[in-house]
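Novice: Hey, dropping run09.txt in here, compact mmCIF, C-alpha atoms:
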```
# COMPACT_ATOMS: atom_id res chain seq x y z
CA MET A 1 145.90 23.52 141.78
CA LYS A 2 143.69 26.48 142.64
CA GLU A 3 140.04 25.57 143.09
CA PRO A 4 137.72 27.25 140.58
CA ARG A 5 135.40 30.04 141.65
CA LEU A 6 132.59 28.76 139.45
CA SER A 7 131.58 25.42 137.96
CA ILE A 8 129.70 25.55 134.65
CA VAL A 9 127.38 22.59 134.07
CA ILE A 10 125.92 22.28 130.57
CA ILE A 11 123.36 19.58 129.88
CA GLY A 12 122.23 18.41 126.47
CA ARG A 13 120.97 15.72 124.17
CA ASN A 14 121.50 15.81 120.42
CA GLU A 15 121.82 19.61 120.39
CA GLY A 16 124.19 19.64 117.40
CA ASP A 17 125.32 23.12 116.38
CA ARG A 18 123.39 24.63 119.28
CA LEU A 19 125.78 22.92 121.70
CA VAL A 20 128.78 24.29 119.79
CA SER A 21 127.40 27.83 120.14
CA CYS A 22 126.76 27.26 123.85
CA LEU A 23 130.30 26.01 124.47
CA GLN A 24 131.76 28.92 122.52
CA SER A 25 129.77 31.38 124.63
CA VAL A 26 131.36 30.22 127.89
CA GLY A 27 134.88 30.18 126.48
CA SER A 28 136.14 33.47 127.86
CA ILE A 29 135.17 32.72 131.47
CA CYS A 30 136.56 29.18 131.58
CA ALA A 31 139.92 30.47 132.84
CA GLU A 32 138.34 30.98 136.27
CA ALA A 33 135.82 28.16 136.02
CA GLU A 34 135.61 24.44 135.47
CA LEU A 35 133.49 23.22 132.58
CA ILE A 36 131.34 20.10 132.89
CA TYR A 37 129.13 18.70 130.16
CA VAL A 38 126.49 16.07 130.96
CA ASP A 39 125.16 14.18 127.97
CA SER A 40 121.81 12.36 127.98
CA ALA A 41 122.68 9.55 125.56
CA SER A 42 123.20 11.70 122.46
CA THR A 43 123.72 10.04 119.11
CA ASP A 44 125.18 13.07 117.29
CA GLY A 45 128.69 13.12 118.76
CA SER A 46 127.90 15.81 121.36
CA SER A 47 130.20 14.22 123.93
CA GLN A 48 133.17 14.39 121.58
CA VAL A 49 132.38 18.02 120.74
CA ALA A 50 132.27 18.98 124.42
CA GLY A 51 135.51 17.10 125.10
CA ASP A 52 137.21 19.01 122.29
CA PHE A 53 136.26 22.25 124.10
CA GLY A 54 138.02 21.00 127.21
CA ALA A 55 134.93 20.02 129.18
CA GLN A 56 134.79 17.15 131.63
CA VAL A 57 132.23 14.85 130.00
CA ILE A 58 129.68 12.74 131.83
CA VAL A 59 127.50 10.44 129.73
CA LEU A 60 124.30 9.08 131.22
CA HIS A 61 123.13 5.65 130.11
CA GLY A 62 119.87 3.83 130.73
CA GLY A 63 116.75 4.99 132.56
CA ILE A 64 114.67 8.05 131.78
CA GLN A 65 116.90 10.83 130.46
CA THR A 66 115.64 13.82 132.45
CA ALA A 67 117.15 17.27 132.81
CA ALA A 68 117.01 16.84 136.59
CA ARG A 69 119.11 13.69 136.44
CA ALA A 70 121.66 15.40 134.18
CA ARG A 71 121.98 18.47 136.40
CA ASN A 72 122.48 16.30 139.47
CA ALA A 73 125.30 14.44 137.75
CA GLY A 74 126.90 17.78 136.94
CA TRP A 75 126.75 19.55 140.31
CA GLN A 76 127.83 16.40 142.14
CA ARG A 77 131.09 16.54 140.16
CA ALA A 78 131.54 20.31 140.72
CA LEU A 79 134.44 21.66 142.80
CA ALA A 80 133.50 25.35 142.97
CA PRO A 81 131.21 26.89 145.62
CA TYR A 82 128.83 28.12 142.90
CA VAL A 83 127.36 26.30 139.90
CA LEU A 84 126.12 27.87 136.67
CA PHE A 85 123.59 25.59 134.98
CA LEU A 86 123.01 25.99 131.26
CA ASP A 87 120.91 24.07 128.75
CA GLY A 88 122.81 23.07 125.63
CA ASP A 89 120.51 25.16 123.40
CA THR A 90 121.40 28.46 125.06
CA ILE A 91 124.07 31.12 124.59
CA LEU A 92 125.48 32.74 127.71
CA ASN A 93 125.88 36.47 128.21
CA GLN A 94 129.49 36.44 129.42
CA ASP A 95 128.91 39.25 131.94
CA PHE A 96 126.06 37.45 133.69
CA PRO A 97 128.09 35.08 135.92
CA ALA A 98 129.95 38.00 137.55
CA ALA A 99 126.65 39.80 138.19
CA ALA A 100 125.10 36.67 139.71
CA LEU A 101 128.14 35.88 141.86
CA LYS A 102 128.09 39.41 143.25
CA VAL A 103 124.60 38.78 144.62
CA LEU A 104 125.39 35.30 145.96
CA GLU A 105 128.56 36.44 147.69
CA SER A 106 126.88 39.45 149.32
CA GLU A 107 123.59 37.79 150.32
CA PRO A 108 124.05 34.52 152.28
CA SER A 109 120.31 33.78 152.11
CA ALA A 110 120.35 33.78 148.29
CA ALA A 111 120.61 30.24 146.92
CA ALA A 112 119.86 30.89 143.25
CA VAL A 113 120.28 33.89 140.96
CA TRP A 114 118.90 34.10 137.46
CA GLY A 115 118.54 36.83 134.86
CA HIS A 116 116.73 37.43 131.59
CA ARG A 117 116.45 34.59 129.10
CA ARG A 118 115.22 35.58 125.64
CA GLU A 119 114.83 33.84 122.32
CA LEU A 120 117.82 33.85 119.97
CA HIS A 121 115.78 33.92 116.75
CA PRO A 122 112.29 35.32 117.36
CA GLU A 123 112.18 36.24 113.67
CA HIS A 124 112.41 32.61 112.53
CA SER A 125 108.80 31.71 113.36
CA LEU A 126 105.65 33.09 114.88
CA TYR A 127 105.97 30.51 117.66
CA ASN A 128 109.44 31.76 118.58
CA ARG A 129 108.27 35.34 118.60
CA VAL A 130 105.22 34.76 120.78
CA LEU A 131 106.83 32.31 123.20
CA ASP A 132 109.75 34.69 123.66
CA LEU A 133 107.40 36.68 125.89
CA ASP A 134 107.01 33.67 128.20
CA TRP A 135 110.54 34.31 129.45
CA ILE A 136 109.86 37.86 130.64
CA TYR A 137 109.45 38.24 134.40
CA PRO A 138 109.85 41.26 136.70
CA ALA A 139 113.11 41.40 138.64
CA GLY A 140 113.14 40.74 142.37
CA ILE A 141 112.59 37.86 144.78
CA THR A 142 110.74 35.06 142.98
CA GLU A 143 109.26 31.70 143.88
CA TYR A 144 111.01 29.81 141.09
CA CYS A 145 113.78 29.96 138.51
CA GLY A 146 114.31 28.25 135.18
CA GLY A 147 116.99 25.88 133.96
CA ASP A 148 119.60 28.62 133.41
CA VAL A 149 120.70 29.80 136.85
CA VAL A 150 123.68 30.22 139.19
CA MET A 151 123.22 28.25 142.43
CA ARG A 152 125.06 27.94 145.71
CA LEU A 153 126.58 24.45 145.83
CA SER A 154 126.12 24.06 149.58
CA ALA A 155 122.40 24.80 149.25
CA LEU A 156 122.06 22.23 146.46
CA ALA A 157 123.81 19.62 148.60
CA GLU A 158 121.63 20.48 151.61
CA ILE A 159 118.42 19.60 149.73
CA GLU A 160 120.08 16.80 147.69
CA GLY A 161 119.62 18.58 144.38
CA TYR A 162 116.94 18.06 141.78
CA ASP A 163 114.36 15.30 141.88
CA PRO A 164 115.55 12.97 139.08
CA SER A 165 112.13 11.30 138.80
CA LEU A 166 110.48 14.46 137.40
CA ILE A 167 110.34 14.70 133.61
CA ALA A 168 109.18 18.35 133.80
CA GLY A 169 108.84 21.06 136.43
CA GLU A 170 112.04 20.06 138.21
CA GLU A 171 113.29 23.63 138.76
CA PRO A 172 110.16 24.97 140.54
CA GLU A 173 110.02 21.83 142.69
CA LEU A 174 113.65 22.31 143.72
CA CYS A 175 113.03 25.99 144.46
CA ARG A 176 110.11 25.04 146.69
CA ARG A 177 112.48 22.95 148.84
CA LEU A 178 115.06 25.75 148.90
CA ARG A 179 112.47 28.26 150.08
CA ALA A 180 111.33 25.83 152.77
CA ARG A 181 114.89 25.98 154.15
CA GLY A 182 114.81 29.77 154.26
CA TYR A 183 116.74 30.43 151.04
CA ARG A 184 115.76 33.05 148.48
CA ILE A 185 115.52 32.89 144.70
CA VAL A 186 116.68 36.16 143.13
CA HIS A 187 115.86 37.36 139.62
CA ILE A 188 118.19 40.18 138.62
CA ASP A 189 117.58 42.74 135.88
CA PHE A 190 120.46 41.52 133.72
CA PRO A 191 120.64 39.63 130.40
CA MET A 192 121.53 36.00 131.08
CA THR A 193 121.06 33.73 128.07
CA ARG A 194 119.66 33.51 124.57
CA HIS A 195 117.62 30.39 123.93
CA ASP A 196 117.21 28.60 120.62
CA LEU A 197 113.62 27.36 120.79
CA ASN A 198 113.64 26.45 117.10
CA MET A 199 109.87 25.92 117.02
CA MET A 200 108.47 25.69 113.51
CA ARG A 201 105.38 23.48 113.73
CA PHE A 202 102.13 23.43 115.67
CA SER A 203 102.90 19.86 116.77
CA GLN A 204 105.94 21.19 118.65
CA TYR A 205 103.84 23.89 120.26
CA TRP A 206 101.29 21.27 121.35
CA ARG A 207 103.91 18.97 122.85
CA ARG A 208 105.54 21.80 124.78
CA ALA A 209 102.21 22.73 126.36
CA GLU A 210 101.39 19.08 126.99
CA ARG A 211 104.67 18.81 128.89
CA ALA A 212 103.60 21.73 131.09
CA GLY A 213 100.33 19.94 131.81
CA HIS A 214 102.20 16.84 132.91
CA ALA A 215 104.24 18.98 135.32
CA TYR A 216 101.11 20.67 136.73
CA ALA A 217 99.43 17.32 137.37
CA GLU A 218 102.39 15.48 138.86
CA ILE A 219 103.62 18.24 141.15
CA SER A 220 100.17 19.37 142.30
CA ASP A 221 99.33 15.76 143.20
CA ARG A 222 102.57 15.42 145.15
CA PHE A 223 101.95 18.47 147.35
CA ARG A 224 98.14 18.51 147.37
CA ARG A 225 97.84 17.82 151.09
CA SER A 226 100.86 19.82 152.24
CA GLY A 227 100.99 23.27 153.76
CA ASP A 228 102.31 24.59 150.44
CA PRO A 229 100.12 22.94 147.74
CA MET A 230 102.33 23.86 144.81
CA TRP A 231 100.57 24.33 141.45
CA LEU A 232 97.25 23.02 142.78
CA ARG A 233 95.51 26.26 141.84
CA GLU A 234 97.08 26.27 138.37
CA SER A 235 96.14 22.63 137.84
CA ASN A 236 92.53 23.14 138.88
CA ARG A 237 92.24 26.33 136.84
CA ASN A 238 93.48 24.51 133.75
CA LEU A 239 90.97 21.68 134.26
CA LEU A 240 88.23 24.30 134.08
CA SER A 241 89.61 26.51 131.33
CA GLY A 242 90.89 23.66 129.16
CA GLY A 243 87.58 21.85 129.47
CA PHE A 244 85.71 25.02 128.57
CA TRP A 245 87.69 25.62 125.38
CA ILE A 246 87.35 22.00 124.33
CA GLY A 247 83.58 22.45 124.53
CA TRP A 248 83.58 25.94 123.05
CA LEU A 249 84.30 24.90 119.44
CA PRO A 250 81.53 22.31 118.99
CA VAL A 251 79.00 24.59 120.68
CA SER A 252 80.07 27.40 118.35
CA LEU A 253 79.49 25.16 115.33
CA MET A 254 76.09 24.11 116.65
CA VAL A 255 75.02 27.71 117.24
CA GLY A 256 76.31 28.64 113.81
CA ALA A 257 74.36 25.81 112.21
CA LEU A 258 71.19 27.31 113.67
CA ARG A 259 72.11 30.64 112.08
CA SER A 260 71.29 32.43 115.27
CA LEU A 261 72.49 35.92 116.07
CA TRP A 262 73.88 34.39 119.25
CA ILE A 263 76.85 33.14 117.28
CA ILE A 264 78.26 36.67 117.02
CA PRO A 265 78.96 37.22 120.75
CA TRP A 266 79.79 33.54 121.18
CA LEU A 267 82.47 33.56 118.50
CA ALA A 268 83.73 36.90 119.83
CA LEU A 269 84.46 35.32 123.22
CA LEU A 270 87.96 34.06 122.37
CA PRO A 271 89.14 37.34 120.79
CA LEU A 272 87.73 39.32 123.73
CA LEU A 273 89.43 37.13 126.34
CA SER A 274 92.65 37.19 124.31
CA ALA A 275 92.56 40.99 124.28
CA ARG A 276 92.05 40.99 128.05
CA SER A 277 95.06 38.72 128.55
CA ALA A 278 97.12 40.88 126.17
CA TRP A 279 96.32 43.95 128.26
CA LYS A 280 97.48 42.20 131.44
CA ALA A 281 100.76 41.23 129.73
CA ARG A 282 101.40 44.65 128.15
CA TYR A 283 104.57 45.12 130.25
CA LYS A 284 106.16 42.26 128.28
CA ALA A 285 106.12 44.08 124.93
CA PRO A 286 105.17 47.77 125.30
CA GLY A 287 103.65 49.23 122.14
CA GLN A 288 103.59 45.92 120.22
CA THR A 289 99.83 45.51 120.04
CA MET A 290 99.64 42.69 117.49
CA LEU A 291 102.31 40.64 119.26
CA LEU A 292 100.51 41.08 122.57
CA LEU A 293 97.20 40.01 121.03
CA LEU A 294 98.86 36.86 119.70
CA TYR A 295 100.36 36.25 123.11
CA GLY A 296 96.93 36.67 124.65
CA LEU A 297 95.54 34.15 122.17
CA HIS A 298 98.35 31.74 123.04
CA SER A 299 97.54 32.01 126.75
CA HIS A 300 94.08 30.56 126.05
CA VAL A 301 94.83 28.14 123.20
CA GLN A 302 97.57 26.42 125.20
CA GLN A 303 95.04 25.47 127.87
CA ILE A 304 93.80 22.60 125.67
CA PRO A 305 97.14 20.74 125.26
CA ILE A 306 97.98 21.52 128.90
CA LEU A 307 94.74 19.77 129.87
CA VAL A 308 95.64 16.84 127.60
CA GLY A 309 99.01 16.61 129.39
CA GLN A 310 97.28 16.53 132.77
CA LEU A 311 94.84 13.85 131.66
CA LYS A 312 97.58 11.70 130.12
CA TYR A 313 99.55 11.85 133.36
CA ARG A 314 96.56 10.85 135.48
CA LEU A 315 95.53 8.03 133.13
CA GLY A 316 99.10 6.76 132.93
CA ARG A 317 99.43 6.81 136.70
CA ARG A 318 96.26 4.76 137.14
CA SER A 319 97.34 2.20 134.58
CA GLY A 320 100.90 2.00 135.90
CA GLU A 321 102.32 3.04 132.53
CA GLN A 322 106.02 3.95 132.60
CA ARG A 323 106.52 7.67 132.08
CA LYS A 324 108.53 8.87 129.12
CA GLN A 325 110.29 12.14 128.45
CA ILE A 326 108.08 14.53 126.48
CA GLU A 327 110.20 16.04 123.71
CA TYR A 328 108.98 18.87 121.51
CA LYS A 329 112.17 19.25 119.50
CA GLN A 330 115.41 17.43 118.91
CA GLY A 331 117.15 17.61 122.27
CA ALA A 332 115.44 16.36 125.41
CA ASN A 333 116.59 19.09 127.76
CA ALA A 334 114.98 21.99 125.90
```
Render the structure in this file as structure tokens.
Specialist:
Amino acid sequence: MKEPRLSIVIIGRNEGDRLVSCLQSVGSICAEAELIYVDSASTDGSSQVAGDFGAQVIVLHGGIQTAARARNAGWQRALAPYVLFLDGDTILNQDFPAAALKVLESEPSAAAVWGHRRELHPEHSLYNRVLDLDWIYPAGITEYCGGDVVMRLSALAEIEGYDPSLIAGEEPELCRRLRARGYRIVHIDFPMTRHDLNMMRFSQYWRRAERAGHAYAEISDRFRRSGDPMWLRESNRNLLSGGFWIGWLPVSLMVGALRSLWIIPWLALLPLLSARSAWKARYKAPGQTMLLLLYGLHSHVQQIPILVGQLKYRLGRRSGEQRKQIEYKQGANA
């Protein structure tokens, strides 16, 4: 039997119809690829669905169900020299794998190639529309990639894959180890996947940002004293900015209670800083002023739940509390 050129590893947990759409999107390239689905203890029949599509199914039981653990289970089963990782809530652009393989096969130093991920339904909620801009990055050599990516199997094996103990931030941490071995992470100007964020409530928004805070705290602590203190600057910056915004609201109310004219510039601070952030991000949505202003507002508002995530991690570490996956929607690998 001829070995496949590409292994496709899809991970998921209770993705439902989103998983069906993902599996359908890879259908036309499966003739030259092997399909592996890794399930993190779903209760919605996802394993059966993937098996019906012809995927090899791996079901993980027990322990913390992390995306890193699922991806490791997938690539360790892979036979092809290159592995395409997909989250179960994404839809693949069927031309992307060929574009990524072209780079990997022509550039031996490239270990990972990723393209543009965008939201599938930005029109469904304001959260979807604003957070869609989070996925936009300039093309070129990058420090990190996201969960959707094509990787060189030999490079993955060399660094022993993802760290299964991380409940968030596993891709940047893996990329840090790849770069330390002299490999490059390449972001190409090509559509890669559509992502179904499906965010409808503020509580989901809060949990997503809290998860980012956990990643900042855990990874910055791990590499704090190394020559490459990953995310230490971001962690420290959030401690300052998150703390400031937590104090900003009560001070605003106090100033307002005094009916002082000082409340006008004080209350204008958030809109002014949001406008400044919107201007810096204008390349993400040219000409869409209102969307950019909302994105600028998001960049500051999210600092509060990110800070909460950092504090929860640090308090939990001191108390010896067992870490749990932080889910912001149905499906732990979102």
Novice: What are the closest atom pairs, with distances in Å to one decimal, for all residues of stretch 58-106 of chain A lying within 9 Å of stretch 185-207 of chain A? Consider only C-alpha atoms, order rows by chain and residue number, and present the result as a Markdown table.
Specialist:
```
| residue | atom | partner | partner_atom | distance |
| --- | --- | --- | --- | --- |
| A:Leu86 | CA | A:Thr193 | CA | 8.6 |
| A:Asp87 | CA | A:His195 | CA | 8.6 |
| A:Asp89 | CA | A:Asp196 | CA | 5.5 |
| A:Thr90 | CA | A:His195 | CA | 4.4 |
| A:Ile91 | CA | A:Arg194 | CA | 5.0 |
| A:Leu92 | CA | A:Thr193 | CA | 4.5 |
| A:Asn93 | CA | A:Met192 | CA | 5.2 |
| A:Gln94 | CA | A:Met192 | CA | 8.1 |
| A:Asp95 | CA | A:Met192 | CA | 8.1 |
| A:Phe96 | CA | A:Met192 | CA | 5.4 |
| A:Pro97 | CA | A:Met192 | CA | 8.2 |
| A:Ala99 | CA | A:Phe190 | CA | 7.8 |
| A:Ala100 | CA | A:Ile188 | CA | 7.8 |
| A:Val103 | CA | A:Val186 | CA | 8.5 |
```
Novice: When you draw a straight line from atom CA of A:Val59 to atom CA of A:Gly45, how long is it in Å?
Specialist: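 These atoms are spaced 11.4 Å apart.
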Novice: Given the choices A:Arg314, A:Lys324, A:Arg184, A:Arg77, which gets closest to A:Gln56 if the distance is worked out from only C-alpha atoms?
Specialist: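 When distances to A:Gln56 are compared using only C-alpha atoms, the smallest one comes from A:Arg77.
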Novice: Given the choices A:Cys145, A:Val130, A:Leu101, A:Leu174, which gets closest to A:Ile219 if the distance is worked out from only C-alpha atoms?
Specialist: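 The shortest atom-to-atom distance to A:Ile219 comes from A:Leu174.
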Novice: Would you list the contacts of A:Gly161 as a list in words, taking every protein, DNA or RNA residue within 12 Å and counting all atoms listed in the file, but skipping same-chain residues closer than 5 positions in sequence?
Specialist: Ala67, Ala68, Arg69, Ala70, Arg71, Asn72, Ala73, Gly74, Trp75, Gln76, Val83, Ala111, Met151, Arg152, Leu153, Ser154, Ala155, Leu156, Glu170, Glu171, Glu173, Leu174, Cys175, Arg176, Arg177 and Leu178 of chain A
Novice: Atom CA of A:Glu119 and atom CA of A:Ser21, how far apart in Å?
Specialist: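 These atoms are spaced 14.1 Å apart.
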Novice: Mind listing whatever residues come within 12 Å of the point (123.8, 9.9, 119.9)? Use only C-alpha atoms, file coordinates, and give them as a VMD selection string.
Specialist: chain A and resid 12 to 16 39 to 49 59 to 61 330 to 332
Novice: Out of A:Ser220, A:Gly140, A:Pro108, A:Leu131, which residue has the shortest atom-to-atom distance to A:Leu297 when counting all atoms listed in the file?
Specialist: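 Nearest to A:Leu297: A:Leu131.
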Novice: If I take atom CA of A:Ile246 and atom CA of A:Glu234, how far is one from the other in Å, to one decimal?
Specialist: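 Rounded to one decimal, the two atoms are 17.6 Å apart.
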Novice: Which residues are close to A:Asp52, i.e. within 12 Å by all atoms listed in the file, leaving aside same-chain residues fewer than 6 positions away? Reply as number ranges by chain.
Specialist: A: 20, 23-24, 35, 37, 45-46
Novice: Please check which residues have atoms at most 8 Å from (90.7, 23.2, 128.9) in the file's coordinates, counting all atoms listed in the file, and write them as a ChimeraX atom specification.
Specialist: /A:238-246,303-307
Novice: Given only C-alpha atoms as the basis, pick out the residue of A:Ala98, A:Ala112, A:Leu269, A:Leu311 nearest to A:Val149.
Specialist: A:Ala112
Novice: Quick one: residues within 12 Å of stretch 281-288 of chain A, all atoms listed in the file counted, chain neighbours fewer than 2 positions away excluded, as a compact mmCIF listing (two decimals) with C-alpha atoms, keeping the file's coordinate frame?
Specialist:
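The resulting file, selection14.txt, is reproduced below:
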```
# COMPACT_ATOMS: atom_id res chain seq x y z
CA ARG A 118 115.22 35.58 125.64
CA ARG A 129 108.27 35.34 118.60
CA VAL A 130 105.22 34.76 120.78
CA LEU A 131 106.83 32.31 123.20
CA ASP A 132 109.75 34.69 123.66
CA LEU A 133 107.40 36.68 125.89
CA ASP A 134 107.01 33.67 128.20
CA TRP A 135 110.54 34.31 129.45
CA ILE A 136 109.86 37.86 130.64
CA TYR A 137 109.45 38.24 134.40
CA PRO A 138 109.85 41.26 136.70
CA SER A 274 92.65 37.19 124.31
CA ALA A 275 92.56 40.99 124.28
CA ARG A 276 92.05 40.99 128.05
CA SER A 277 95.06 38.72 128.55
CA ALA A 278 97.12 40.88 126.17
CA TRP A 279 96.32 43.95 128.26
CA MET A 290 99.64 42.69 117.49
CA LEU A 291 102.31 40.64 119.26
CA LEU A 292 100.51 41.08 122.57
CA LEU A 293 97.20 40.01 121.03
CA LEU A 294 98.86 36.86 119.70
CA TYR A 295 100.36 36.25 123.11
CA GLY A 296 96.93 36.67 124.65
CA LEU A 297 95.54 34.15 122.17
CA HIS A 298 98.35 31.74 123.04
CA SER A 299 97.54 32.01 126.75
```
Novice: Which residue out of A:Gly51, A:Pro4, A:Pro122, A:Pro164 has the minimum interatomic distance to A:Tyr82 when all atoms listed in the file are used?
Specialist: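 Using all atoms listed in the file, the shortest distance to A:Tyr82 belongs to A:Pro4.
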Novice: Set the distance at 10 Å and use only C-alpha atoms: which residues neighbour A:Arg211 once local chain neighbours fewer than 5 positions away are removed? I'd like the list as a PyMOL selection string.
Specialist: chain A and resi 167-169+206+216+305-306+308-310+313+325-328
Novice: Please return the centre and edge lengths, in Å to one decimal, of a box with edges along x, y and z that contains all listed atoms of stretch 75-93 of chain A, widened by 8 Å on every side, as JSON.
Specialist:
```
{"center_x": 127.5, "center_y": 26.4, "center_z": 134.5, "size_x": 29.9, "size_y": 36.1, "size_z": 38.2}
```
Novice: Restricting the calculation to only C-alpha atoms, which member of A:Ser165, A:Ser25, A:Ser109, A:Ser125 is positioned closest to A:Ile141?
Specialist: A:Ser109
